[in-house]
Structures are given as C-alpha cells and as structure tokens.
Amino acid sequence: MSTPRPTSQSARPTGRPTAELRFEDVTVRYGSARRGHTAVDRVSLTVPPGQVVGLVGESGSGKSTLARAAVGLAPLTGGRVLLGGAPVPTRGRRRPLQMVFQDPYSSLDPRMTIGDSIAEAIPPGPSREERRAEVARLLELVHLDPDRAAVRPGLLSGGQRQRVALARALAGDPQVVIADEITSALDVSIQGAVLNLVRELQRELGLSMLFISHNLAVVRYVASHVAVMRDGVIVEEGPAARVLADPHHDYTRALLAAVPGTRTPRRTP
Amino acid sequence: MAAQRTRQPTRRWRQVVRTPLGAGASLLMALVLLLALVAPMLWTDQADAVDTGNILAGPSAEHWAGTDNLGRDILFRSLVAARLSVGLALTATAIAIVLGLLLGTAPMLLGRRLGRLVTASVDIAVAFPGLLLALFFAVIFGVGARGAVLAIGIAGAPSFARLVHTLVAGVAARDYVAAARAAGVGRVRVLLRHVLPNISEPLIVNATIGAGGALLSFAGLSFLGLGVQAPQYDWGRLLFDGIGALYVNPAAALAPGLTVLLAGLAFNLFGESVAKGLGVATLGHLPERRSAGPATSGPPTIRAEEPVVAGDDEAPVLDVRDLWVSFPGADGPVQPVRGVSFAVRRGEAVGVVGESGSGKSLTALAVSRLIEEPGRVEAARLQLLGADLRTGSERAQRQLLGTSLAMVFQDPMTSFNPTRRMGGQLAEVARQHQGMTRRDAFGRAVDRLAAVRIPEARRRAGQYPHEFSGGMRQRAMIGMGLMGSPALIIADEPTTALDVTVQQQVLDLLQAIREADDVALVLISHDVTVVGEVCDRVLVMYAGRIVEDLAAADLATGAAHPYTRALVAAVPDMETDLEQPLAVVPGRPVAPGEVPAGCAYAARCPLADDRCRAEDPQLASFETPDHRVACWHAGEPIPVDGPREPAPVDPVELVEVDAP
Ligand SMILES: Nc1ncnc2c1ncn2[C@@H]1O[C@H](COP(=O)(O)OP(=O)(O)OP(=O)(O)O)[C@@H](O)[C@H]1O
Ligand code: SF4
Ligand SMILES: [Mg+2]
C-alpha cells in the first residue's frame, strides 16, 4: 500500500506537482445543535497551485478552526475540503496537506529528539538509513545543522524550533502547507529569518500555502493573495496588492488603519 | 508563554535523592524491597519452626517478639511475610494501573460519545470510598488472597483512571499531539509515543503512593479475615492472629503492625519525595504555590550616580538608577538586569523594547516590587513619586504602589480570579487601598469599567472573567489599575495576546487616559512599531542593559546603536520591499549567565572591533543630551556586504534556551 517516494536530493524540487486546495462551503460548529457556536460559516476559499494565500482576521474569527478542519483536527459540519479535486485524506499515513502550528514551544514533543519528530512524519516505506538521510536533508533545507538531529527541543531557541516544525511538515512530502500564525510567538529578531525561510522554501519547492496571520505586514510580505475573515465568514478576498491598496470591505479598511506604524508617530511635546 | 525547561532525566532523579527526606525515603524503600526479596530465602525455616514448649510466649532472648499459638517465632514470621504482603500490594497496584490506563485512555481512543460514557462511569466510581469498594469486591470474589488482590486492584482503578484521563487530556491538548495526528500518525501510536511518555512521571509517583495504600488495604482485609488465609500469612493475617493473643503477648500484634506501618510509610514517603523532586502533582496534593513575597534587599552598594534627567526641575514620577536584579544560579548568581537607569516624567510615555530575555519584564517587576524569592533587587535609587521604594514598611509600600502604580500584564485571563465576578474584583482594590465601603467601591468599579469603554458596565460588572472577550479583559485590567488615581501605568506586552483591531483600541485607551489625567506610561513590547507609535521615548534593552534611549520619532532614521537599527530593519511594515529578503539579526541573544566581557552585542554586531570585545561601552549622551547610546561606534554606517548569500546553516548550540 505504500508507494515509493523520491528520496534522492535532485528529485525533490521537481517532485510531485503542487495542487490546488479548495474549501467548498465549509461549516464548523462546536457544541450541541441548540447551544452550539458556528466557528466557520459556509466558507469557500481557493489556494491556487504554487501560490500563497494569506488569511487575516481578528482572533476568534475562525482562522485556526478552518485550518484545523482541513487537516482533520476539527470536525466538518458541512461542506468539503478538496485537494487537487479530491477530498483531503484525513486518515492513513499519506498526508499531502501539512500544518505548522503557532507555538514552537508546545508543537514539539519535549521527550523526542528533533530527528525523531521529523522522521515520524515521513510516510512509511523508506528504510531506516533512507529516513536518516531524509531527516538530514530536511534539516539542511531549513538551515539547521543535520548533525544535531539527536538534540531535544529543550535546547533550541524559538526560531530554531519553528524551523524544525517546518522541516517536520515538509517531511510528509506535502503539496500544500498550512501555516497558522507561525511567527506570532517569535521575537521580531527571529521572525524575519523564519519569514525569509518560508518564502525561500515556497519558491524552491513550489508549494501551495495557506498562511494565517493577524499581522498584515507579514501577510503582505509572503502572500500573493489575501482573504479577510470575520465572525467565521470571508468578507473580502483577492490579489494581495489589490486588497491592501484598495480594500473594498469596511472591515478590511479598519484592519489596515489599525496596522501600527501607519499612523504618524507622536512627537515629544 | 511558560518557560519550559526539559532537564536531563537522570539529573532530575538525582535531585530526588539529594534532599535528606528523599534520601531517607529512598533508603527505607530499598530496605523494604530487599526484605521482601531475601526474607523468605533466609528465614522461612525459622519462621515455620514449631516450638511446642514455647506456645504464646512473650518476648525473650530466643524469640524477640515472642511466639504464636503454635510456638512459631513472630519476628521471623513478620519478616518473611514481607514478600507476600509487598507482592500482593504490588500486584493489586498493577491491576489498578492497567485498568486505570485502559479506562483513562479510552476517551481518547474511542471517540467522543463512548468516551464520555466511560468518563462519567469513572466519575461515579471515584465517588465511592476505596475500602468500601474493596470490601464489596472481596465479597464478590470470595475470601482469599486472589479475591483480595482483585478487589483492591479494581477498587483502586477508578482514581487511577481519573488521573490518567486528566493527564492524557492535558497532553493531548498540546500542539505536538495535533501535529503528529495531522501528519497521519495513528491514535494508538500517538498514545504510545507522545502521550504516555509525557505522563509517565506523575503516573509512577502516584503508583508508588498507591502501592502504599494497597499495602494498608491488604492488611485491613486480611485483618478482617477476608484476605490471606492460613497457612499462608501476610502482615494483616499476623496482625489478626496477634490481636487475638493481645493480652498474652502484645508484641505479637506489635511486630507485624510495625512492619506494615514502616512499609506503608516507605512507599508513601518515597512517592511524595519523588513527586517533590520532579515537581509532579500527586492525587492528594496540588503543587505548592511559591510564596509571593517581594524581596528587596537592603541598601545596595552605591555605584556612580549620573544625572539621568538632564535639565528638568520637576521631580520625575519614576526614578530608577543602577537597578540590578539577580537570581541564584548553578554557578553563582546570574544577573538578568545589570545596572538600568532611567526616569519617567509626569505624563510621559516611555517604551521599552528588546528581544525576549533582555530584562524588560524583570525591570518592570522590580519597580513594582513583584520579584519573587529568591530573586534580589538592588538599586542606587528607586523612587516612585519621590518616595523610596527600597525602604519603608511593606504595608506603606503596598499602599503607595496600590494607589499610584497600575500594572497591566500580557495575559489578563491569568490576572483575574476566574471564580469571582469582575465588579467585585475591581471593587476589592478600592476597599483595600482607599478604605471605601462595599457599595462605594462597587460604584467606582462600574464607573471605571465605563471609563475603559466597556459597554453596559453595570451588567458587565456582574459577569465572570471568562464571559469577557480578550480585549475586554485587557481593558478591565486597565480599569482595575485606574481604581486608584495612578501616576504611572506599567503595561507589559499588553496587546501581544490581542489582534490588531483590539490592540489598537487598547493602545488608544491608554493614550486617552494619559492625556486626560497626565498619567505616565511605561509600555513594554517586543514590537518596535507599536512602541514607536504610542511612546514619546524608547529604551532599547539588550542583555540586561539599556543600550539606547532615544525619541520615538527618531527610531526609523535616527537610531545610533547597531542593535536598534537591526531591530527596526527586521520588522516588515506595509512599505517593505517585497523583492528583498528581510534583514535578520544574526546569532542569538546573550543568556544572562554568559554575558561576555566587553560589549554584550559584539558577537552579533557588524561594527564590532577589538575595543568592543574588551571594553564595555557605557550609556552616554550622543549628539543631544536626550539621546543616550552605549556603543563605541554609535551612528557609524553599517557596512553592507554584497548580494546576500543564502542564510548559513545555523549551528545548534548545546545550551538551554528559555522560552520568551
Ligand atoms: N474546541 C472548541 N470548543 C468550542 N469553541 C471553540 C473551540 N475551538 C475554538 N472555538 C471557538 O471558535 C471560534 C473561532 O476560534 P479560532 O481559534 O478558530 O479563531 P482564530 O481566528 O484562529 O483566533 P486566534 O487568532 O486567536 O487564534 C472562537 O470563538 C472560539 O472560541
Ligand atoms: S560597542 Fe561595538 S560591538 Fe557593541 S554595539 Fe557598538 S559597535 Fe557593536
Ligand atoms: Mg488562531
């Protein structure tokens, strides 16, 4: 049942074709039918192949829930999530859709070496030796020293951990990666390095990405398209340049006006 | 975010043995196990030897604890009984653990509906007293050792199941479990690889304590005649026989009673001291809270005092000179704040920026006297509104701080008591510090909630913290600070947990309060853009020092310290060039324990030279008196190297790094 996967260095960048991720009328409700709460309300959103879609919105607007629904961590109440036209597999070991989480301090098992954490996400098939080589290649890809695969996350800084988390997501040989607020727990000094890495990986591997962030400047930097979410609904969507320069929805305008640094700084009286 | 240190497992276990109690308990535990192992091999013959000439005799040189009704030596019998007693107790505990693991992990494996059923049943079972359950099962399984083992094992299962369930739920909520599941790792494997290893410590601790309990339960059952039957004997059985002959030979009951007691004590003490050493909660106890006493030390050694507020006749609201904060470390004290001096004028907004670990929060906590033991605070001057915060009674200080200083923290959820209504929590401040009546205080609370723009303040005052949204809680926190009439608000990352729109509201609110009442503000943030927008002046901290003090308006173009310039460049804004990679600050921040000689920033600084590595630059005026910089090459152009290479492989250094 396991299909052979490319493990050679050269095969990777041109590996498998990237695919389109499509949310069709996705609804997620929490709680009972009567006293429930609709976190995501009939959302339709498309991440075109090889593109980065930035998803912005305030906390509680349902961004994370949408992401978790795509990878099967939140139950779909209605609608479908399609990857390259077929439903996203949420069972079994092959997961062409991978997710990177917000908090690098809780997304790595403190008791596992970073090498094991990454290896665990490699689908079954390759031998132990091949796995080790793959872990080394992935660590190199995220600019970490492959010799340190035996280190536990307790010894790594936040930025280094987030790179391990990225490597783990790439280990699944994904066509699409969802990044949920991956820089918001990081220091500004580290944030830049992680954003550079995201852009570099995306371009090199031609990944499709759903990049969730509440920081518009960050989204502007990595995304080609922007979707704005509020109260479980997408209120505006379009090319990043257009949405950020010429927002159509009032809420988008409010978001843009609230970006720190866009208002004139105060002068000492 | 909690700093999560994963110490080496072996080192942590060694910690257990290091305390006198831990060492004693471990020794006792080892003795009990050794006894259980060797006693039957060594003394079975003596224990079984029938001495018909010495029936029911009292203690003698030959039989130290006397003999029983067949003339057998009680002491040897008590020793030999150790194996059966300990063995049965351990077996019963094993049964309890296995059942507990099955029941406790069932909710995770079975899915929501079935899981809830299991949890509910366990909750009901836990409500019954354990010994009662054991008696019930003992009757069902019949009298005898096997029945007793099953009874005690099954009776112990519900509380283990509850414990396992709680622990599993805690670990399962962590992102690494979600990450593994998203990667397609199956539930059983997630349980075995991620969940169980991470709950093993508290489980082992509670199992040890549970074994002690099982030991006593066994003694109880056997004593009631429901447990071990003759000719087998355990401590309970011996006790049962001994009590019958109590008036003839008290030692016959005393010897097995004492061994039971010692063995039970060994298990319990060992479990508790392991729990203490590893910092694990046991079923009966929650972890102790550290005492929150502030620890300001006596008069510090006076270091060179330099004037901070040049040419200002009005006394500053806050005046800090040469502030040091230190904590004891493994190799001598570490100093996360190293000689910070600054002043805040009336109505002024001062921002504090810097990477995590640079000492921003500790500086704020030191000022508000919230540094906990064993931390120490020293300062040449620490004045709030002219009053010395280093001396004076604790009470007077609390009073001053309570009314003149408002602290706002990052996570307002943890700053409120979740079980009390918001209005009452705010009112309490006024009752305590201003001696208001309950009614007046509540009125003021409602007024303050309205002042921080919480709609329907009166209704909201009757709600609990969880009924407020994140932004409202943060505003309520500010409202709490406004119950007095503060001259200074210290806000530590007040908007980090909030999204942009709410962040803007909170910042606007702080701004409005400043303007209305001329309140000074210290705003701590890692976001240079936020600070630059809200504040008049910005202090940049690095490795426990202020490295630059400049007007906020100069941040973008007038910063002179290489670190400030790197921080500003690293943040993307709405004008960032999309074609270029973002500037990064290379390397890692300096940990407080390893501050190098010379300038602490030298290892990451593009301008560093030999002088930087040897001599530590002091904060000194640069160009204008209000602009202070600690750098030998302040303002010098930073060399731009040619086209950027791909980022170099980052060597992972083997040092512990704290979470920000
Ligand atoms: N397990 C859950 N049970 C009940 N309600 C939930 C659960 N998870 C999320 N919610 C609710 O769903 C809504 C959307 O949550 P979600 O975490 O997806 O928002 P978000 O936009 O990602 O927020 P943030 O930016 O803070 O992460 C919120 O109102 C939240 O309270
Ligand atoms: S003193 Fe030297 S090393 Fe330190 S910041 Fe200035 S130039 Fe860099
Ligand atoms: Mg979220």
# chains A, B, ... in the order shown; residues from 1 in each chain; ligands from 1

call {"tool": "residues_near_ligand", "arguments": {"ligand": "ligand 3", "cutoff": "9 Å", "atoms": "only C-alpha atoms and all ligand atoms", "output": "PyMOL selection string"}}
result
chain A and resi 58-65+67+102+180-181+212-214

call {"tool": "write_last_selection", "arguments": {"atoms": "N, CA, C and O atoms", "output": "compact mmCIF listing (two decimals), in the first residue's frame"}}
result
# COMPACT_ATOMS: atom_id res chain seq x y z
N GLU A 58 -9.35 38.91 12.96
CA GLU A 58 -9.07 39.02 14.38
C GLU A 58 -9.18 37.65 15.05
O GLU A 58 -9.66 36.69 14.45
N SER A 59 -8.72 37.56 16.29
CA SER A 59 -8.76 36.26 16.96
C SER A 59 -10.21 35.88 17.19
O SER A 59 -11.06 36.73 17.43
N GLY A 60 -10.49 34.59 17.10
CA GLY A 60 -11.85 34.13 17.25
C GLY A 60 -12.65 34.22 15.97
O GLY A 60 -13.82 33.85 15.94
N SER A 61 -12.02 34.71 14.88
CA SER A 61 -12.77 34.84 13.64
C SER A 61 -12.88 33.50 12.93
O SER A 61 -13.60 33.40 11.95
N GLY A 62 -12.17 32.47 13.40
CA GLY A 62 -12.31 31.15 12.81
C GLY A 62 -11.18 30.73 11.92
O GLY A 62 -11.26 29.69 11.26
N LYS A 63 -10.10 31.50 11.88
CA LYS A 63 -8.97 31.16 11.01
C LYS A 63 -8.38 29.80 11.38
O LYS A 63 -8.23 28.93 10.53
N SER A 64 -8.05 29.64 12.66
CA SER A 64 -7.43 28.38 13.07
C SER A 64 -8.39 27.22 12.89
O SER A 64 -7.98 26.12 12.53
N THR A 65 -9.65 27.46 13.17
CA THR A 65 -10.62 26.38 13.03
C THR A 65 -10.68 25.91 11.58
O THR A 65 -10.74 24.70 11.31
N ALA A 67 -8.29 26.02 9.42
CA ALA A 67 -7.06 25.26 9.17
C ALA A 67 -7.16 23.87 9.78
O ALA A 67 -6.81 22.87 9.15
N GLN A 102 1.30 27.42 15.69
CA GLN A 102 1.70 28.73 16.19
C GLN A 102 2.84 28.68 17.20
O GLN A 102 3.82 29.39 17.07
N ASP A 180 -0.15 28.26 10.54
CA ASP A 180 -1.08 29.01 11.39
C ASP A 180 -0.32 29.89 12.37
O ASP A 180 0.18 29.41 13.37
N GLU A 181 -0.23 31.17 12.08
CA GLU A 181 0.41 32.14 12.98
C GLU A 181 1.82 31.69 13.36
O GLU A 181 2.20 31.76 14.53
N ILE A 212 -1.72 31.82 7.64
CA ILE A 212 -2.63 32.51 8.54
C ILE A 212 -1.84 33.44 9.45
O ILE A 212 -0.84 33.03 10.03
N SER A 213 -2.27 34.68 9.54
CA SER A 213 -1.59 35.61 10.44
C SER A 213 -2.53 36.76 10.75
O SER A 213 -3.42 37.08 9.98
N HIS A 214 -2.33 37.38 11.91
CA HIS A 214 -3.12 38.58 12.18
C HIS A 214 -2.31 39.82 11.80
O HIS A 214 -2.80 40.92 11.88

call {"tool": "select_by_dssp", "arguments": {"residues": "segment 54-235 of chain A", "states": "strand (DSSP E)", "output": "MDAnalysis selection string"}}
result
chainID A and resid 54:56 78:83 86:87 97:100 176:180 208:212 225:230 233:235

call {"tool": "interface_residues", "arguments": {"of": "chain A", "to": "chain B", "cutoff": "6 Å", "atoms": "only C-alpha atoms", "output": "list in words"}}
result
Glu58, Ser59, Val71, Gly92, Arg93, Ser106, Ser107, Leu108, Asp109, Ala121, His143, Leu144, Asp145, Gly154, Leu155, Ser157, Ser189, Gly192, Ala193, Asn196, Ala217, Tyr221, Ala258, Pro260, Gly261, Pro265 and Thr268 of chain A

call {"tool": "select_by_dssp", "arguments": {"residues": "segment 68-140 of chain A", "states": "helix (DSSP H, G or I)", "output": "list of chain:residue names"}}
result
A:Arg68, A:Ala69, A:Ala70, A:Ile114, A:Gly115, A:Asp116, A:Ser117, A:Ile118, A:Ala119, A:Glu120, A:Arg128, A:Glu129, A:Glu130, A:Arg131, A:Arg132, A:Ala133, A:Glu134, A:Val135, A:Ala136, A:Arg137, A:Leu138, A:Leu139, A:Glu140

call {"tool": "residues_around", "arguments": {"residues": "segment 245-255 of chain A", "least_positions_apart": "4", "cutoff": "9 Å", "atoms": "only C-alpha atoms", "output": "list in words"}}
result
Gly57, Glu58, Leu216, Val228, Arg230, Val235, Glu236, Ala240, Ala241 and Val259 of chain A; Val500 and Thr501 of chain B

call {"tool": "write_last_selection", "arguments": {"atoms": "all heavy atoms", "output": "PDB file, in the first residue's frame"}}
result
ATOM      1  N   GLY A  57      -7.469  38.216   9.956  1.00  0.00           N
ATOM      2  CA  GLY A  57      -8.711  38.398  10.690  1.00  0.00           C
ATOM      3  C   GLY A  57      -8.403  38.406  12.161  1.00  0.00           C
ATOM      4  O   GLY A  57      -7.338  37.976  12.585  1.00  0.00           O
ATOM      5  N   GLU A  58      -9.355  38.913  12.964  1.00  0.00           N
ATOM      6  CA  GLU A  58      -9.072  39.018  14.382  1.00  0.00           C
ATOM      7  C   GLU A  58      -9.178  37.647  15.052  1.00  0.00           C
ATOM      8  O   GLU A  58      -9.661  36.687  14.450  1.00  0.00           O
ATOM      9  CB  GLU A  58     -10.021  40.011  15.037  1.00  0.00           C
ATOM     10  CG  GLU A  58     -11.476  39.645  14.928  1.00  0.00           C
ATOM     11  CD  GLU A  58     -12.352  40.837  15.296  1.00  0.00           C
ATOM     12  OE1 GLU A  58     -12.558  41.723  14.459  1.00  0.00           O
ATOM     13  OE2 GLU A  58     -12.804  40.867  16.433  1.00  0.00           O
ATOM     14  N   LEU A 216      -0.792  42.103   9.220  1.00  0.00           N
ATOM     15  CA  LEU A 216      -0.961  42.404   7.794  1.00  0.00           C
ATOM     16  C   LEU A 216       0.366  42.625   7.089  1.00  0.00           C
ATOM     17  O   LEU A 216       0.536  42.260   5.922  1.00  0.00           O
ATOM     18  CB  LEU A 216      -1.839  43.642   7.630  1.00  0.00           C
ATOM     19  CG  LEU A 216      -3.332  43.374   7.723  1.00  0.00           C
ATOM     20  CD1 LEU A 216      -4.091  44.682   7.739  1.00  0.00           C
ATOM     21  CD2 LEU A 216      -3.790  42.524   6.544  1.00  0.00           C
ATOM     22  N   VAL A 228      -9.777  37.921   3.913  1.00  0.00           N
ATOM     23  CA  VAL A 228     -10.037  38.536   5.210  1.00  0.00           C
ATOM     24  C   VAL A 228     -11.230  37.837   5.845  1.00  0.00           C
ATOM     25  O   VAL A 228     -12.285  37.712   5.222  1.00  0.00           O
ATOM     26  CB  VAL A 228     -10.331  40.040   5.050  1.00  0.00           C
ATOM     27  CG1 VAL A 228     -10.534  40.679   6.423  1.00  0.00           C
ATOM     28  CG2 VAL A 228      -9.203  40.726   4.302  1.00  0.00           C
ATOM     29  N   ARG A 230     -13.946  37.269   9.140  1.00  0.00           N
ATOM     30  CA  ARG A 230     -14.538  37.887  10.317  1.00  0.00           C
ATOM     31  C   ARG A 230     -15.776  37.101  10.727  1.00  0.00           C
ATOM     32  O   ARG A 230     -16.609  36.783   9.884  1.00  0.00           O
ATOM     33  CB  ARG A 230     -14.934  39.324   9.999  1.00  0.00           C
ATOM     34  CG  ARG A 230     -15.436  40.021  11.229  1.00  0.00           C
ATOM     35  CD  ARG A 230     -15.993  41.368  10.908  1.00  0.00           C
ATOM     36  NE  ARG A 230     -16.026  42.148  12.122  1.00  0.00           N
ATOM     37  CZ  ARG A 230     -16.556  43.353  12.199  1.00  0.00           C
ATOM     38  NH1 ARG A 230     -17.048  43.915  11.124  1.00  0.00           N
ATOM     39  NH2 ARG A 230     -16.557  43.980  13.329  1.00  0.00           N
ATOM     40  N   VAL A 235     -14.898  37.957   4.342  1.00  0.00           N
ATOM     41  CA  VAL A 235     -15.572  39.177   3.910  1.00  0.00           C
ATOM     42  C   VAL A 235     -14.928  39.795   2.673  1.00  0.00           C
ATOM     43  O   VAL A 235     -15.556  40.577   1.966  1.00  0.00           O
ATOM     44  CB  VAL A 235     -15.626  40.240   5.040  1.00  0.00           C
ATOM     45  CG1 VAL A 235     -16.447  39.737   6.208  1.00  0.00           C
ATOM     46  CG2 VAL A 235     -14.229  40.628   5.496  1.00  0.00           C
ATOM     47  N   GLU A 236     -13.671  39.476   2.421  1.00  0.00           N
ATOM     48  CA  GLU A 236     -13.022  40.022   1.235  1.00  0.00           C
ATOM     49  C   GLU A 236     -11.890  39.106   0.826  1.00  0.00           C
ATOM     50  O   GLU A 236     -11.243  38.486   1.654  1.00  0.00           O
ATOM     51  CB  GLU A 236     -12.475  41.434   1.504  1.00  0.00           C
ATOM     52  CG  GLU A 236     -11.783  42.032   0.283  1.00  0.00           C
ATOM     53  CD  GLU A 236     -11.725  43.559   0.330  1.00  0.00           C
ATOM     54  OE1 GLU A 236     -12.079  44.149   1.351  1.00  0.00           O
ATOM     55  OE2 GLU A 236     -11.312  44.136  -0.701  1.00  0.00           O
ATOM     56  N   ALA A 240      -3.108  40.208  -3.276  1.00  0.00           N
ATOM     57  CA  ALA A 240      -2.643  40.963  -2.118  1.00  0.00           C
ATOM     58  C   ALA A 240      -2.506  42.447  -2.439  1.00  0.00           C
ATOM     59  O   ALA A 240      -2.948  43.306  -1.676  1.00  0.00           O
ATOM     60  CB  ALA A 240      -1.306  40.398  -1.636  1.00  0.00           C
ATOM     61  N   ALA A 241      -1.911  42.736  -3.590  1.00  0.00           N
ATOM     62  CA  ALA A 241      -1.666  44.133  -3.936  1.00  0.00           C
ATOM     63  C   ALA A 241      -2.977  44.916  -3.988  1.00  0.00           C
ATOM     64  O   ALA A 241      -3.068  46.037  -3.488  1.00  0.00           O
ATOM     65  CB  ALA A 241      -0.941  44.211  -5.267  1.00  0.00           C
ATOM     66  N   VAL A 259      -3.027  48.973  11.486  1.00  0.00           N
ATOM     67  CA  VAL A 259      -1.652  48.464  11.440  1.00  0.00           C
ATOM     68  C   VAL A 259      -0.741  49.485  12.109  1.00  0.00           C
ATOM     69  O   VAL A 259      -0.736  50.649  11.739  1.00  0.00           O
ATOM     70  CB  VAL A 259      -1.193  48.232   9.987  1.00  0.00           C
ATOM     71  CG1 VAL A 259       0.279  47.906   9.942  1.00  0.00           C
ATOM     72  CG2 VAL A 259      -2.006  47.131   9.365  1.00  0.00           C
TER      73      VAL A 259
ATOM     74  N   VAL B 500      -4.912  42.891  15.880  1.00  0.00           N
ATOM     75  CA  VAL B 500      -4.633  44.290  15.566  1.00  0.00           C
ATOM     76  C   VAL B 500      -5.736  45.267  15.928  1.00  0.00           C
ATOM     77  O   VAL B 500      -5.463  46.326  16.484  1.00  0.00           O
ATOM     78  CB  VAL B 500      -4.307  44.488  14.078  1.00  0.00           C
ATOM     79  CG1 VAL B 500      -2.815  44.478  13.879  1.00  0.00           C
ATOM     80  CG2 VAL B 500      -4.996  43.505  13.201  1.00  0.00           C
ATOM     81  N   THR B 501      -6.986  44.914  15.609  1.00  0.00           N
ATOM     82  CA  THR B 501      -8.040  45.902  15.843  1.00  0.00           C
ATOM     83  C   THR B 501      -8.228  46.141  17.336  1.00  0.00           C
ATOM     84  O   THR B 501      -8.361  47.284  17.780  1.00  0.00           O
ATOM     85  CB  THR B 501      -9.371  45.442  15.213  1.00  0.00           C
ATOM     86  OG1 THR B 501      -9.492  44.048  15.413  1.00  0.00           O
ATOM     87  CG2 THR B 501      -9.414  45.748  13.752  1.00  0.00           C
TER      88      THR B 501
END

call {"tool": "residues_near_ligand", "arguments": {"ligand": "ligand 2", "cutoff": "10 Å", "atoms": "only C-alpha atoms and all ligand atoms", "output": "JSON, numbers by chain"}}
result
{"B": [542, 547, 560, 561, 562, 563, 564, 598, 599, 600, 601, 602, 603, 604, 605, 606, 607, 608, 609, 610, 611, 612, 613, 614, 615, 616, 617, 618, 629, 630, 631, 632, 633, 634, 635, 636, 638]}

call {"tool": "residues_around", "arguments": {"residues": "Arg459 of chain B", "least_positions_apart": "4", "cutoff": "10 Å", "atoms": "only C-alpha atoms", "output": "NGL selection string"}}
result
:B and (423 or 446 or 455 or 463)
